[in-house]
>>> print(open('start27.tsv').read())   # TSV, C-alpha atoms
chain	number	residue	atom	x	y	z
A	1	GLY	CA	-16.03	46.84	151.57
A	2	LEU	CA	-15.58	43.17	150.69
A	3	ARG	CA	-15.13	41.65	147.24
A	4	ILE	CA	-15.26	37.90	146.51
A	5	VAL	CA	-13.76	36.81	143.20
A	6	THR	CA	-14.66	33.27	142.11
A	7	LEU	CA	-12.92	31.33	139.35
A	8	ASN	CA	-16.03	29.80	137.83
A	9	ARG	CA	-15.39	27.00	135.33
A	10	PRO	CA	-15.96	23.93	137.49
A	11	ASP	CA	-16.55	21.75	134.43
A	12	LYS	CA	-13.00	22.63	133.27
A	13	ALA	CA	-11.31	22.45	136.71
A	14	ASN	CA	-11.57	26.26	136.89
A	15	SER	CA	-8.74	26.45	134.37
A	16	LEU	CA	-8.02	29.99	133.26
A	17	THR	CA	-8.36	31.35	129.74
A	18	ALA	CA	-6.76	34.54	128.44
A	19	ALA	CA	-10.14	36.27	128.67
A	20	MET	CA	-10.48	35.23	132.32
A	21	LEU	CA	-6.99	36.54	133.11
A	22	GLU	CA	-7.88	39.85	131.46
A	23	ASP	CA	-11.03	39.94	133.60
A	24	LEU	CA	-8.97	39.25	136.73
A	25	VAL	CA	-6.61	42.12	135.90
A	26	THR	CA	-9.61	44.43	135.44
A	27	VAL	CA	-11.24	43.30	138.68
A	28	PHE	CA	-8.04	43.55	140.73
A	29	GLU	CA	-7.12	46.95	139.30
A	30	GLY	CA	-10.67	48.12	140.03
A	31	SER	CA	-10.58	46.97	143.66
A	32	GLN	CA	-8.49	49.82	145.08
A	33	ASP	CA	-11.31	50.94	147.36
A	34	VAL	CA	-12.33	47.58	148.84
A	35	ARG	CA	-11.34	46.69	152.41
A	36	ALA	CA	-10.73	42.99	151.73
A	37	LEU	CA	-10.68	40.73	148.67
A	38	ILE	CA	-11.15	36.95	148.67
A	39	LEU	CA	-10.15	34.78	145.71
A	40	THR	CA	-11.67	31.30	145.49
A	41	GLY	CA	-12.78	28.65	143.01
A	42	ALA	CA	-16.20	27.27	142.17
A	43	GLY	CA	-17.00	23.70	143.14
A	44	GLU	CA	-15.75	21.45	145.89
A	45	LYS	CA	-12.54	19.84	144.60
A	46	VAL	CA	-10.47	22.29	142.56
A	47	PHE	CA	-9.41	25.88	143.14
A	48	SER	CA	-7.87	25.98	139.66
A	49	ALA	CA	-5.82	23.65	137.49
A	50	GLY	CA	-3.97	26.64	136.01
A	51	ALA	CA	-3.99	27.48	132.30
A	52	ASP	CA	-6.69	26.12	130.05
A	53	LEU	CA	-4.94	23.30	128.15
A	54	GLY	CA	-6.38	24.32	124.80
A	55	GLU	CA	-5.02	27.84	125.15
A	56	ALA	CA	-1.80	26.81	126.89
A	57	HIS	CA	-0.50	25.38	123.63
A	58	ASN	CA	-1.30	28.67	121.90
A	59	GLY	CA	0.88	30.81	124.14
A	60	LEU	CA	-1.26	31.28	127.25
A	61	ALA	CA	1.22	29.38	129.43
A	62	THR	CA	3.87	32.04	128.74
A	63	SER	CA	1.55	35.04	128.48
A	64	PRO	CA	2.41	38.22	130.41
A	65	LEU	CA	-1.23	38.21	131.54
A	66	TRP	CA	-0.23	35.92	134.43
A	67	GLU	CA	2.24	38.47	135.78
A	68	ARG	CA	-0.24	41.30	135.24
A	69	ALA	CA	-2.91	39.44	137.24
A	70	SER	CA	-0.63	38.46	140.12
A	71	GLY	CA	0.98	41.90	140.12
A	72	ALA	CA	-2.37	43.70	140.26
A	73	LEU	CA	-3.45	41.43	143.11
A	74	ALA	CA	-0.23	41.91	145.07
A	75	ALA	CA	-0.43	45.70	144.61
A	76	LEU	CA	-3.85	46.01	146.26
A	77	PRO	CA	-3.72	48.08	149.46
A	78	CYS	CA	-6.29	45.85	151.19
A	79	LEU	CA	-6.05	42.39	152.74
A	80	THR	CA	-6.21	39.67	150.08
A	81	ILE	CA	-7.05	36.06	150.93
A	82	ALA	CA	-6.97	32.92	148.80
A	83	ALA	CA	-9.67	30.48	149.95
A	84	LEU	CA	-8.19	27.30	148.51
A	85	ASN	CA	-11.15	24.99	148.15
A	86	GLY	CA	-9.15	22.27	146.43
A	87	THR	CA	-6.24	21.48	144.14
A	88	LEU	CA	-4.34	24.34	142.58
A	89	ALA	CA	-1.52	24.24	140.08
A	90	GLY	CA	0.55	26.27	137.67
A	91	GLY	CA	-0.28	29.89	137.05
A	92	ALA	CA	-3.30	29.79	139.36
A	93	PHE	CA	-0.97	28.74	142.15
A	94	GLY	CA	1.25	31.70	141.27
A	95	VAL	CA	-1.72	34.04	141.49
A	96	ALA	CA	-2.72	32.57	144.87
A	97	LEU	CA	0.84	33.20	146.09
A	98	ALA	CA	0.25	36.91	145.47
A	99	CYS	CA	-2.43	36.92	148.19
A	100	ASP	CA	-1.56	38.02	151.72
A	101	ILE	CA	-3.09	34.93	153.34
A	102	ARG	CA	-3.91	31.45	152.05
A	103	ILE	CA	-6.50	29.22	153.74
A	104	ALA	CA	-6.52	25.62	152.45
A	105	GLU	CA	-9.16	22.95	152.80
A	106	GLU	CA	-7.81	19.65	154.12
A	107	HIS	CA	-8.02	17.92	150.72
A	108	ALA	CA	-6.19	20.69	148.83
A	109	GLN	CA	-2.95	19.99	146.99
A	110	MET	CA	-0.54	22.49	145.43
A	111	ALA	CA	1.96	22.11	142.60
A	112	LEU	CA	4.04	24.00	140.05
A	113	PRO	CA	4.36	21.32	137.34
A	114	GLU	CA	5.55	23.57	134.50
A	115	ALA	CA	9.08	22.14	134.29
A	116	THR	CA	7.54	18.73	133.58
A	117	VAL	CA	6.34	20.01	130.21
A	118	GLY	CA	9.29	22.29	129.43
A	119	LEU	CA	7.83	25.55	130.76
A	120	LEU	CA	8.69	27.92	133.59
A	121	PRO	CA	6.35	28.80	136.47
A	122	CYS	CA	4.54	32.04	135.74
A	123	ALA	CA	2.61	34.63	137.76
A	124	GLY	CA	5.60	35.23	140.00
A	125	GLY	CA	5.82	31.62	141.19
A	126	THR	CA	9.63	31.50	141.10
A	127	GLN	CA	9.84	34.76	143.07
A	128	ASN	CA	7.02	34.50	145.60
A	129	LEU	CA	7.32	30.82	146.51
A	130	PRO	CA	10.90	31.02	147.88
A	131	TRP	CA	10.01	34.23	149.72
A	132	ILE	CA	7.13	32.40	151.43
A	133	VAL	CA	8.55	28.90	152.09
A	134	GLY	CA	12.30	29.33	151.66
A	135	GLU	CA	14.65	28.25	148.93
A	136	GLY	CA	14.73	24.53	149.75
A	137	TRP	CA	11.00	23.86	149.55
A	138	ALA	CA	10.64	26.17	146.57
A	139	LYS	CA	13.28	24.14	144.73
A	140	ARG	CA	11.60	20.86	145.68
A	141	MET	CA	8.28	22.06	144.31
A	142	ILE	CA	9.66	23.73	141.18
A	143	LEU	CA	12.65	21.56	140.23
A	144	CYS	CA	11.26	18.19	141.34
A	145	GLY	CA	7.62	18.89	140.55
A	146	GLU	CA	6.70	17.83	144.09
A	147	ARG	CA	3.01	18.12	144.92
A	148	VAL	CA	2.33	19.39	148.44
A	149	LYS	CA	-0.76	18.41	150.42
A	150	ALA	CA	-2.53	20.83	152.76
A	151	ASP	CA	-0.99	19.50	155.98
A	152	LYS	CA	2.54	19.81	154.57
A	153	ALA	CA	1.69	23.25	153.15
A	154	LEU	CA	0.77	24.36	156.66
A	155	GLN	CA	3.96	22.88	158.09
A	156	ILE	CA	6.21	24.76	155.64
A	157	GLY	CA	4.30	28.06	155.86
A	158	LEU	CA	2.75	27.93	152.41
A	159	VAL	CA	-0.72	28.33	153.92
A	160	GLU	CA	-1.67	29.98	157.19
A	161	GLU	CA	-4.45	27.57	158.14
A	162	VAL	CA	-6.02	24.28	157.09
A	163	VAL	CA	-9.77	23.90	157.53
A	164	PRO	CA	-12.26	21.08	156.90
A	165	THR	CA	-13.59	20.54	153.40
A	166	GLY	CA	-16.08	23.22	152.43
A	167	LYS	CA	-14.93	25.72	155.08
A	168	SER	CA	-12.22	27.81	153.37
A	169	LEU	CA	-14.56	30.60	152.26
A	170	GLU	CA	-16.16	30.74	155.70
A	171	LYS	CA	-12.75	31.17	157.36
A	172	ALA	CA	-11.68	33.72	154.75
A	173	LEU	CA	-14.84	35.72	155.45
A	174	GLU	CA	-14.03	35.72	159.18
A	175	LEU	CA	-10.57	37.13	158.50
A	176	ALA	CA	-11.92	39.63	155.98
A	177	GLU	CA	-14.41	40.86	158.56
A	178	LEU	CA	-11.55	41.50	161.00
A	179	ALA	CA	-9.59	43.36	158.31
A	180	CYS	CA	-12.60	45.52	157.48
A	181	LYS	CA	-12.54	46.82	161.07
A	182	GLN	CA	-8.98	48.09	160.65
A	183	SER	CA	-7.96	51.49	159.34
A	184	PRO	CA	-7.61	51.14	155.53
A	185	SER	CA	-4.66	53.53	155.42
A	186	SER	CA	-2.90	51.62	158.22
A	187	VAL	CA	-3.50	48.29	156.48
A	188	ALA	CA	-2.08	49.68	153.24
A	189	ARG	CA	1.01	51.10	154.95
A	190	CYS	CA	1.58	47.94	156.99
A	191	LYS	CA	1.42	45.82	153.82
A	192	THR	CA	4.01	48.06	152.20
A	193	LEU	CA	6.32	47.80	155.22
A	194	VAL	CA	5.97	44.01	155.44
A	195	MET	CA	6.64	43.53	151.74
A	196	SER	CA	9.66	45.82	151.79
A	197	SER	CA	11.39	43.99	154.66
>>> encode(input="start27.tsv", output="structure tokens")
Amino acid sequence: GLRIVTLNRPDKANSLTAAMLEDLVTVFEGSQDVRALILTGAGEKVFSAGADLGEAHNGLATSPLWERASGALAALPCLTIAALNGTLAGGAFGVALACDIRIAEEHAQMALPEATVGLLPCAGGTQNLPWIVGEGWAKRMILCGERVKADKALQIGLVEEVVPTGKSLEKALELAELACKQSPSSVARCKTLVMSS
């Protein structure tokens, strides 16, 4: 009942290509029957740097694939957890915001730097971030390009827990195990109620 999805391009900072986003949409849409889903990145330093730079200049940065991926993830009836094993930025940050719970390793940093290069945050970043941390911090991160470290992310409610380096997946698995003991229909209904409040 558990699915672990790993962004696996450590040599490219786990940056996402259009093909990877299409794969994520397929995986998320095909995970309706799982009891818990964990999203993480390969390697020890970076969850994901966001869009692949080579493809970002060819339209990936503004592609509707980002919204499709984050939307499919947010729509899952099961518990979803982002095990943030390092730095995350841009669209990948937006996708992580679609998860129910975010666990960050102590060295992790988060940013939405799109406005620096004349773009807008994608994957629901401008909608989900203020809902999670409030308007003030969302504006600091989006309008000022402020990078937030794990301890500050915990303080402002962006992540639910900070763990030592290398321990985010372990903690996510603990939480997933607890969720797998719950009634799937109750979890789905509770998620709907929480998100509609």
>>> atom_distance(input="start27.tsv", atom1="atom CA of A:Cys180", atom2="atom CA of A:Ala36")
6.6 Å
>>> residues_around(input="start27.tsv", residues="A:Ala153", least_positions_apart="6", cutoff="12 Å", atoms="only C-alpha atoms", output="NGL selection string")
:A and (84 or 102-111 or 129 or 132-133 or 137-138 or 141 or 146-147 or 159-162)
>>> closest_residue(input="start27.tsv", among="A:Gln182, A:Gln127, A:Thr6, A:Thr116", to="A:Ile38", atoms="only C-alpha atoms")
A:Thr6
>>> closest_residue(input="start27.tsv", among="A:Leu73, A:Ala19, A:Ala172, A:Val95", to="A:Leu60", atoms="all atoms listed in the file")
A:Ala19
>>> atom_distance(input="start27.tsv", atom1="atom CA of A:Glu29", atom2="atom CA of A:Gly1")
15.2 Å
>>> atom_distance(input="start27.tsv", atom1="atom CA of A:Lys149", atom2="atom CA of A:Thr62")
26.0 Å
>>> residues_around(input="start27.tsv", residues="A:Arg189", least_positions_apart="6", cutoff="12 Å", atoms="only C-alpha atoms", output="list in words")
Ala75, Leu76, Pro77, Cys78, Leu79, Gln182, Ser183, Met195 and Ser196 of chain A
>>> closest_residue(input="start27.tsv", among="A:Ala150, A:Val187, A:Ala179, A:Ala96", to="A:Thr165", atoms="only C-alpha atoms")
A:Ala150
>>> residues_near_point(input="start27.tsv", point="(-12.3, 28.5, 145.5)", cutoff="9 Å", atoms="only C-alpha atoms", output="number ranges by chain")
A: 5-8, 14, 39-48, 82-86, 168-169
>>> write_last_selection(input="start27.tsv", atoms="C-alpha atoms", output="mmCIF file, keeping the file's coordinate frame")
data_model
loop_
_atom_site.group_PDB
_atom_site.id
_atom_site.type_symbol
_atom_site.label_atom_id
_atom_site.label_comp_id
_atom_site.auth_asym_id
_atom_site.auth_seq_id
_atom_site.Cartn_x
_atom_site.Cartn_y
_atom_site.Cartn_z
ATOM 1 C CA VAL A 5 -13.760 36.810 143.200
ATOM 2 C CA THR A 6 -14.660 33.270 142.110
ATOM 3 C CA LEU A 7 -12.920 31.330 139.350
ATOM 4 C CA ASN A 8 -16.030 29.800 137.830
ATOM 5 C CA ASN A 14 -11.570 26.260 136.890
ATOM 6 C CA LEU A 39 -10.150 34.780 145.710
ATOM 7 C CA THR A 40 -11.670 31.300 145.490
ATOM 8 C CA GLY A 41 -12.780 28.650 143.010
ATOM 9 C CA ALA A 42 -16.200 27.270 142.170
ATOM 10 C CA GLY A 43 -17.000 23.700 143.140
ATOM 11 C CA GLU A 44 -15.750 21.450 145.890
ATOM 12 C CA LYS A 45 -12.540 19.840 144.600
ATOM 13 C CA VAL A 46 -10.470 22.290 142.560
ATOM 14 C CA PHE A 47 -9.410 25.880 143.140
ATOM 15 C CA SER A 48 -7.870 25.980 139.660
ATOM 16 C CA ALA A 82 -6.970 32.920 148.800
ATOM 17 C CA ALA A 83 -9.670 30.480 149.950
ATOM 18 C CA LEU A 84 -8.190 27.300 148.510
ATOM 19 C CA ASN A 85 -11.150 24.990 148.150
ATOM 20 C CA GLY A 86 -9.150 22.270 146.430
ATOM 21 C CA SER A 168 -12.220 27.810 153.370
ATOM 22 C CA LEU A 169 -14.560 30.600 152.260
#
>>> closest_residue(input="start27.tsv", among="A:Cys144, A:Leu65, A:Ala49, A:Val34", to="A:Glu22", atoms="all atoms listed in the file")
A:Leu65
>>> residues_around(input="start27.tsv", residues="A:Leu21", least_positions_apart="4", cutoff="7 Å", atoms="all atoms listed in the file", output="ChimeraX atom specification")
/A:16-17,25,65-66,69
>>> closest_residue(input="start27.tsv", among="A:Arg35, A:Asp11, A:Gly136, A:Gly91", to="A:Pro64", atoms="all atoms listed in the file")
A:Gly91
>>> closest_residue(input="start27.tsv", among="A:Met20, A:Leu97, A:Ile81, A:Ala13", to="A:Glu177", atoms="only C-alpha atoms")
A:Ile81
>>> build_atoms(input="start27.tsv", residues="stretch 62-73 of chain A", atoms="all heavy atoms", output="PDB file, keeping the file's coordinate frame")
ATOM      1  N   THR A  62       2.772  31.081 128.608  1.00  0.00           N
ATOM      2  CA  THR A  62       3.870  32.040 128.740  1.00  0.00           C
ATOM      3  C   THR A  62       3.405  33.485 128.591  1.00  0.00           C
ATOM      4  O   THR A  62       4.208  34.389 128.436  1.00  0.00           O
ATOM      5  CB  THR A  62       4.953  31.742 127.676  1.00  0.00           C
ATOM      6  OG1 THR A  62       4.355  31.801 126.378  1.00  0.00           O
ATOM      7  CG2 THR A  62       5.577  30.369 127.895  1.00  0.00           C
ATOM      8  N   SER A  63       2.116  33.708 128.669  1.00  0.00           N
ATOM      9  CA  SER A  63       1.550  35.040 128.480  1.00  0.00           C
ATOM     10  C   SER A  63       1.899  35.973 129.642  1.00  0.00           C
ATOM     11  O   SER A  63       1.876  35.573 130.810  1.00  0.00           O
ATOM     12  CB  SER A  63       0.033  34.942 128.356  1.00  0.00           C
ATOM     13  OG  SER A  63      -0.554  36.231 128.399  1.00  0.00           O
ATOM     14  N   PRO A  64       2.182  37.237 129.348  1.00  0.00           N
ATOM     15  CA  PRO A  64       2.410  38.220 130.410  1.00  0.00           C
ATOM     16  C   PRO A  64       1.150  38.522 131.228  1.00  0.00           C
ATOM     17  O   PRO A  64       1.226  39.181 132.261  1.00  0.00           O
ATOM     18  CB  PRO A  64       2.898  39.468 129.658  1.00  0.00           C
ATOM     19  CG  PRO A  64       2.494  39.276 128.240  1.00  0.00           C
ATOM     20  CD  PRO A  64       2.404  37.798 128.014  1.00  0.00           C
ATOM     21  N   LEU A  65       0.013  38.010 130.779  1.00  0.00           N
ATOM     22  CA  LEU A  65      -1.230  38.210 131.540  1.00  0.00           C
ATOM     23  C   LEU A  65      -1.128  37.626 132.947  1.00  0.00           C
ATOM     24  O   LEU A  65      -1.726  38.146 133.889  1.00  0.00           O
ATOM     25  CB  LEU A  65      -2.417  37.585 130.806  1.00  0.00           C
ATOM     26  CG  LEU A  65      -2.963  38.354 129.614  1.00  0.00           C
ATOM     27  CD1 LEU A  65      -3.973  37.507 128.846  1.00  0.00           C
ATOM     28  CD2 LEU A  65      -3.602  39.669 130.078  1.00  0.00           C
ATOM     29  N   TRP A  66      -0.376  36.529 133.103  1.00  0.00           N
ATOM     30  CA  TRP A  66      -0.230  35.920 134.430  1.00  0.00           C
ATOM     31  C   TRP A  66       0.441  36.895 135.396  1.00  0.00           C
ATOM     32  O   TRP A  66      -0.008  37.076 136.524  1.00  0.00           O
ATOM     33  CB  TRP A  66       0.581  34.626 134.340  1.00  0.00           C
ATOM     34  CG  TRP A  66      -0.117  33.540 133.609  1.00  0.00           C
ATOM     35  CD1 TRP A  66       0.106  33.136 132.323  1.00  0.00           C
ATOM     36  CD2 TRP A  66      -1.177  32.716 134.098  1.00  0.00           C
ATOM     37  NE1 TRP A  66      -0.749  32.105 132.000  1.00  0.00           N
ATOM     38  CE2 TRP A  66      -1.542  31.828 133.067  1.00  0.00           C
ATOM     39  CE3 TRP A  66      -1.849  32.640 135.316  1.00  0.00           C
ATOM     40  CZ2 TRP A  66      -2.543  30.880 133.202  1.00  0.00           C
ATOM     41  CZ3 TRP A  66      -2.844  31.692 135.464  1.00  0.00           C
ATOM     42  CH2 TRP A  66      -3.189  30.827 134.411  1.00  0.00           C
ATOM     43  N   GLU A  67       1.531  37.521 134.933  1.00  0.00           N
ATOM     44  CA  GLU A  67       2.240  38.470 135.780  1.00  0.00           C
ATOM     45  C   GLU A  67       1.391  39.708 136.046  1.00  0.00           C
ATOM     46  O   GLU A  67       1.438  40.270 137.138  1.00  0.00           O
ATOM     47  CB  GLU A  67       3.585  38.869 135.152  1.00  0.00           C
ATOM     48  CG  GLU A  67       4.696  37.873 135.431  1.00  0.00           C
ATOM     49  CD  GLU A  67       4.532  36.548 134.692  1.00  0.00           C
ATOM     50  OE1 GLU A  67       3.898  36.518 133.623  1.00  0.00           O
ATOM     51  OE2 GLU A  67       5.027  35.531 135.208  1.00  0.00           O
ATOM     52  N   ARG A  68       0.636  40.138 135.043  1.00  0.00           N
ATOM     53  CA  ARG A  68      -0.240  41.300 135.240  1.00  0.00           C
ATOM     54  C   ARG A  68      -1.298  41.003 136.296  1.00  0.00           C
ATOM     55  O   ARG A  68      -1.581  41.842 137.157  1.00  0.00           O
ATOM     56  CB  ARG A  68      -0.902  41.707 133.922  1.00  0.00           C
ATOM     57  CG  ARG A  68       0.064  42.411 132.974  1.00  0.00           C
ATOM     58  CD  ARG A  68      -0.630  42.911 131.733  1.00  0.00           C
ATOM     59  NE  ARG A  68      -1.745  43.789 132.062  1.00  0.00           N
ATOM     60  CZ  ARG A  68      -2.849  43.912 131.307  1.00  0.00           C
ATOM     61  NH1 ARG A  68      -2.982  43.212 130.194  1.00  0.00           N
ATOM     62  NH2 ARG A  68      -3.810  44.721 131.659  1.00  0.00           N
ATOM     63  N   ALA A  69      -1.879  39.795 136.256  1.00  0.00           N
ATOM     64  CA  ALA A  69      -2.910  39.440 137.240  1.00  0.00           C
ATOM     65  C   ALA A  69      -2.329  39.330 138.638  1.00  0.00           C
ATOM     66  O   ALA A  69      -2.859  39.910 139.596  1.00  0.00           O
ATOM     67  CB  ALA A  69      -3.589  38.123 136.838  1.00  0.00           C
ATOM     68  N   SER A  70      -1.218  38.605 138.784  1.00  0.00           N
ATOM     69  CA  SER A  70      -0.630  38.460 140.120  1.00  0.00           C
ATOM     70  C   SER A  70      -0.083  39.786 140.618  1.00  0.00           C
ATOM     71  O   SER A  70      -0.184  40.103 141.809  1.00  0.00           O
ATOM     72  CB  SER A  70       0.445  37.375 140.139  1.00  0.00           C
ATOM     73  OG  SER A  70       1.509  37.705 139.286  1.00  0.00           O
ATOM     74  N   GLY A  71       0.470  40.590 139.727  1.00  0.00           N
ATOM     75  CA  GLY A  71       0.980  41.900 140.120  1.00  0.00           C
ATOM     76  C   GLY A  71      -0.120  42.841 140.584  1.00  0.00           C
ATOM     77  O   GLY A  71       0.038  43.549 141.587  1.00  0.00           O
ATOM     78  N   ALA A  72      -1.240  42.848 139.862  1.00  0.00           N
ATOM     79  CA  ALA A  72      -2.370  43.700 140.260  1.00  0.00           C
ATOM     80  C   ALA A  72      -2.943  43.259 141.599  1.00  0.00           C
ATOM     81  O   ALA A  72      -3.344  44.084 142.421  1.00  0.00           O
ATOM     82  CB  ALA A  72      -3.444  43.679 139.176  1.00  0.00           C
ATOM     83  N   LEU A  73      -2.962  41.955 141.834  1.00  0.00           N
ATOM     84  CA  LEU A  73      -3.450  41.430 143.110  1.00  0.00           C
ATOM     85  C   LEU A  73      -2.504  41.799 144.247  1.00  0.00           C
ATOM     86  O   LEU A  73      -2.924  42.282 145.296  1.00  0.00           O
ATOM     87  CB  LEU A  73      -3.618  39.909 143.008  1.00  0.00           C
ATOM     88  CG  LEU A  73      -4.133  39.161 144.232  1.00  0.00           C
ATOM     89  CD1 LEU A  73      -5.486  39.696 144.686  1.00  0.00           C
ATOM     90  CD2 LEU A  73      -4.215  37.669 143.941  1.00  0.00           C
TER      91      LEU A  73
END
